[in-house]
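In what follows, a structure is listed as structure tokens, so that the remarks can point back to it.
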Amino acid sequence: MTITTKNTLLSAAVALSLLPSIAIANNGGWIQNETEYRHFRYDYDNAPNPYSRDEVEVNKKLLQGMLQLTENVDLWLDLRRIDYFTDFDDGRGMVKNGYHWDHEAHLRYHFRGLNFWGREWTFRPAFAWEGDWNFKNTNNDFNWSSNDYYLQFDFLTSFPNGITPWDNGSHTLNFRPLLTEYIVLGGASKFHEDGNTGNVRGHRQQVMNFFLVSKWNDRLSSIVSFRNYLDTMAKDGIKYHYGSENEMWFDIIQHENFKLTWHNKLEFYLGMDDSSEVLRDKFVEFYTRIEASYRKTFDNGITVTGLVGQDMWDYHYNDSPWVGGEYSRMETIGKLTINVPLGY
């Protein structure tokens with residue numbers, strides 16, 4: 001997604017890499033449906049007019065999946081509808097004030113068995129289209145859209161017996177030298193100067209990125225990533241900024257299908273002198289959360305997973321004039337996932 005923050009293809013792929021999934025084991029791929037409930041408690045103490053409010057997102061991931069088209073070609077799909085609710089503190093309680101359609105499609109080719117730098121690599125080029133359509137209330141009033149067309153090149157290699165002399169974990173390194181994007185923004189929103197309803201077009205290059213997915217032992221898993229952006233969205237030359245997404249999961253309790261997990265996340269996008277240069281606010285998110293989950297796989301291969309989680313502490317920053325810097329966004333989350341293997 002070009003502008004807003006969401007659980008991206010990276011997050012979903014990482015989650016599947018970290019968990020023992022039936023979906024990976026069969027040749028046909030997998031599909032899944034997930035409903036996610038997220039309750040946020042915001043405190044904007046540094047805003048021009050400080051205020052607090054509660055918001056709810058109901059994220060209906062109607063269709064996620066990886067279809068194995070041939071031995072070396074697969075198609076990743078993601079279609080979701082997000083409904084937004086806000087408590088305006090006027091006695092009405094939670095009021096629906098908008099919704100969002102979001103999709104991703106990634107056609108990926110795998111060329112295995114390449115050898116360089118003393119390691120075996122898989123080269124994975126991909127063509128992708130991501131689209132977002134945002135509506136600001138329940139009357140279908142269009143707010144803004146984003147369509148992102150891109151070509152990316154990934155090189156993947158595995159470290160099954162540890163990446164350092166002192167660990168015996170399993171690691172996968174994804175080195176992405178280039179992801180080239182063509183972005184079209186539509187509608188009237190803060191991303192358009194003077195409320196212009198015309199399209200804004202530009203290019204964004206991600207260069208020399210890496211993602212390291214690690215399972216250190218039976219209880220500890222993590223992901224570390226870093227991205228460099230060269231942006232022409234501002235129509236004023238090339239603008240550089242950078243971002244990173246990092247997560248850690250530690251299973252405090254494991255008992256058959258039940259887990260109690262300590263989950264930490266740090267994500268940021270920084271480096272631009274002026275956020276309007278790249279149509280994206282400077283952003284920092286950190287939270288530490290406790291999650292409880294139960295997972296059941298049936299004889300037909302279908303897996304059902306339920307999860308609830310609560311933030312214990314958080315830190316957020318956004319340089320938007322409506323936010324004013326640091327703020328709090330404590331989250332309560334619940335989700336139900338149904339995963340269906342294909343060709344089981």
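Ordering of the structure tokens sets the chain letters (A, B, ...); residue numbers start at 1 within each chain; ligands are numbered from 1 in the order shown.
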Just asking: which residues within stretch 98-325 of chain A are helix (DSSP H, G or I) according to DSSP, as a VMD selection string? chain A and resid 193 to 195 275 to 277
Only C-alpha atoms, please: the residues just picked out, written as a short mmCIF file (atom, residue, chain, number, x, y, z; two decimals), in the first residue's frame.
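In the end it all went to result23.cif:
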```
data_model
loop_
_atom_site.label_atom_id
_atom_site.label_comp_id
_atom_site.auth_asym_id
_atom_site.auth_seq_id
_atom_site.Cartn_x
_atom_site.Cartn_y
_atom_site.Cartn_z
CA GLU A 193 -2.33 20.30 -2.79
CA ASP A 194 -5.28 22.70 -2.40
CA GLY A 195 -7.73 19.78 -2.38
CA SER A 275 6.88 14.90 4.65
CA SER A 276 4.94 16.52 1.80
CA GLU A 277 7.93 15.84 -0.46
#
```
Do you know which residues are at most 9 Å from A:Asn33 counting only C-alpha atoms, after dropping those on the same chain fewer than 3 positions away, and could you put them as a VMD selection string? chain A and resid 60 to 65 336 to 340
Within 8 Å of A:Arg124, counting only C-alpha atoms, which residues qualify if same-chain residues fewer than 2 places away don't, as a JSON list (two decimals) with C-alpha atoms, in the first residue's frame?
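Once written, result.json looks like this:
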```
[["chain", "number", "residue", "atom", "x", "y", "z"],
["A", 108, "ARG", "CA", 6.29, -14.34, -8.80],
["A", 109, "TYR", "CA", 8.86, -16.41, -10.73],
["A", 110, "HIS", "CA", 11.44, -18.59, -8.94],
["A", 111, "PHE", "CA", 14.84, -19.36, -10.51],
["A", 122, "THR", "CA", 16.94, -18.20, -5.53],
["A", 126, "ALA", "CA", 7.75, -10.36, -9.49],
["A", 153, "PHE", "CA", 13.76, -8.34, -7.91],
["A", 154, "ASP", "CA", 14.51, -10.57, -4.89],
["A", 155, "PHE", "CA", 17.47, -12.84, -4.11],
["A", 156, "LEU", "CA", 16.84, -15.34, -1.31]]
```
Find the residue from A:Ser225, A:Thr172, A:Gln152, A:Thr70 that sits nearest to A:Glu120; use only C-alpha atoms when measuring.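 Closest to A:Glu120 of all the choices is A:Thr172.
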Strand (DSSP E or B) positions in stretch 24-158 of chain A, given as an NGL selection string: :A and (29-44 or 51-68 or 73-87 or 94-109 or 111-116 or 119-135 or 142-158)
What lies within 8 Å of A:Phe268 using only C-alpha atoms, ignoring chain neighbours under 6 positions off, as a ChimeraX atom specification? /A:243-245,282-285
Between atom CA of A:Arg219 and atom CA of A:Ser170 - distance in Å to one decimal: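 Atom-to-atom, atom CA of A:Ser170 to atom CA of A:Arg219, that is 12.4 Å.
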Closest pair table for stretch 30-77 of chain A residues within 10 Å of stretch 312-321 of chain A, only C-alpha atoms, as a tab-separated table:
```
residue	atom	partner	partner_atom	distance
A:Asn46	CA	A:Pro321	CA	9.7
A:Ala47	CA	A:Pro321	CA	7.3
A:Pro48	CA	A:Pro321	CA	7.7
```
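Between atom CA of A:Thr232 and atom CA of A:Val323 the interatomic distance comes to 25.4 Å.
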Which residues, written as a ChimeraX atom specification, have at least one atom at most 9 Å from A:Gly202, with only C-alpha atoms counted and residues fewer than 5 positions away on the same chain left out? /A:181-185,231-235
Please dump the current selection as a tab-separated table (two decimals), in the first residue's frame; keep N, CA, C and O atoms.
```tsv
chain	number	residue	atom	x	y	z
A	181	GLU	N	8.48	1.36	-8.67
A	181	GLU	CA	7.05	1.56	-8.56
A	181	GLU	C	6.58	2.73	-9.45
A	181	GLU	O	7.28	3.74	-9.55
A	182	TYR	N	5.41	2.58	-10.02
A	182	TYR	CA	4.71	3.68	-10.66
A	182	TYR	C	3.40	3.86	-9.90
A	182	TYR	O	2.60	2.93	-9.79
A	183	ILE	N	3.18	5.05	-9.33
A	183	ILE	CA	2.09	5.29	-8.39
A	183	ILE	C	1.14	6.32	-8.97
A	183	ILE	O	1.56	7.36	-9.51
A	184	VAL	N	-0.17	6.05	-8.87
A	184	VAL	CA	-1.20	7.00	-9.27
A	184	VAL	C	-2.13	7.23	-8.08
A	184	VAL	O	-2.75	6.29	-7.58
A	185	LEU	N	-2.19	8.47	-7.59
A	185	LEU	CA	-3.08	8.84	-6.51
A	185	LEU	C	-4.25	9.62	-7.06
A	185	LEU	O	-4.08	10.50	-7.90
A	231	ASP	N	12.43	8.89	-4.31
A	231	ASP	CA	11.04	9.26	-4.58
A	231	ASP	C	10.96	10.47	-5.50
A	231	ASP	O	11.70	11.44	-5.32
A	232	THR	N	10.07	10.41	-6.49
A	232	THR	CA	9.83	11.56	-7.37
A	232	THR	C	8.39	12.05	-7.27
A	232	THR	O	7.93	12.80	-8.13
A	233	MET	N	7.66	11.65	-6.23
A	233	MET	CA	6.25	12.02	-6.12
A	233	MET	C	6.04	13.52	-6.00
A	233	MET	O	5.00	14.05	-6.38
A	234	ALA	N	7.02	14.26	-5.47
A	234	ALA	CA	6.86	15.69	-5.24
A	234	ALA	C	7.11	16.53	-6.49
A	234	ALA	O	6.95	17.75	-6.46
A	235	LYS	N	7.53	15.88	-7.60
A	235	LYS	CA	7.83	16.60	-8.85
A	235	LYS	C	8.93	17.63	-8.66
A	235	LYS	O	8.96	18.67	-9.32
```
Skip A:Phe127 itself and residues of its chain fewer than 5 positions away, then list as a ChimeraX atom specification all residues within 9 Å of it, counting only C-alpha atoms. /A:105-108,149-152
Can you pull out the residues contacting A:Arg41? Cut-off 9 Å, using only C-alpha atoms, and skip same-chain residues under 6 positions away; I want them as JSON, numbers by chain. {"A": [52, 53, 54, 55, 56, 328, 329, 330, 331, 332]}
Separation of atom CA of A:Thr35 from atom CA of A:Ile302, in Å and rounded to one decimal: 16.3 Å
Which is closest to A:Lys259 among A:Gly271, A:Gly343, A:Gly306, A:Gly301, if we use only C-alpha atoms? A:Gly306
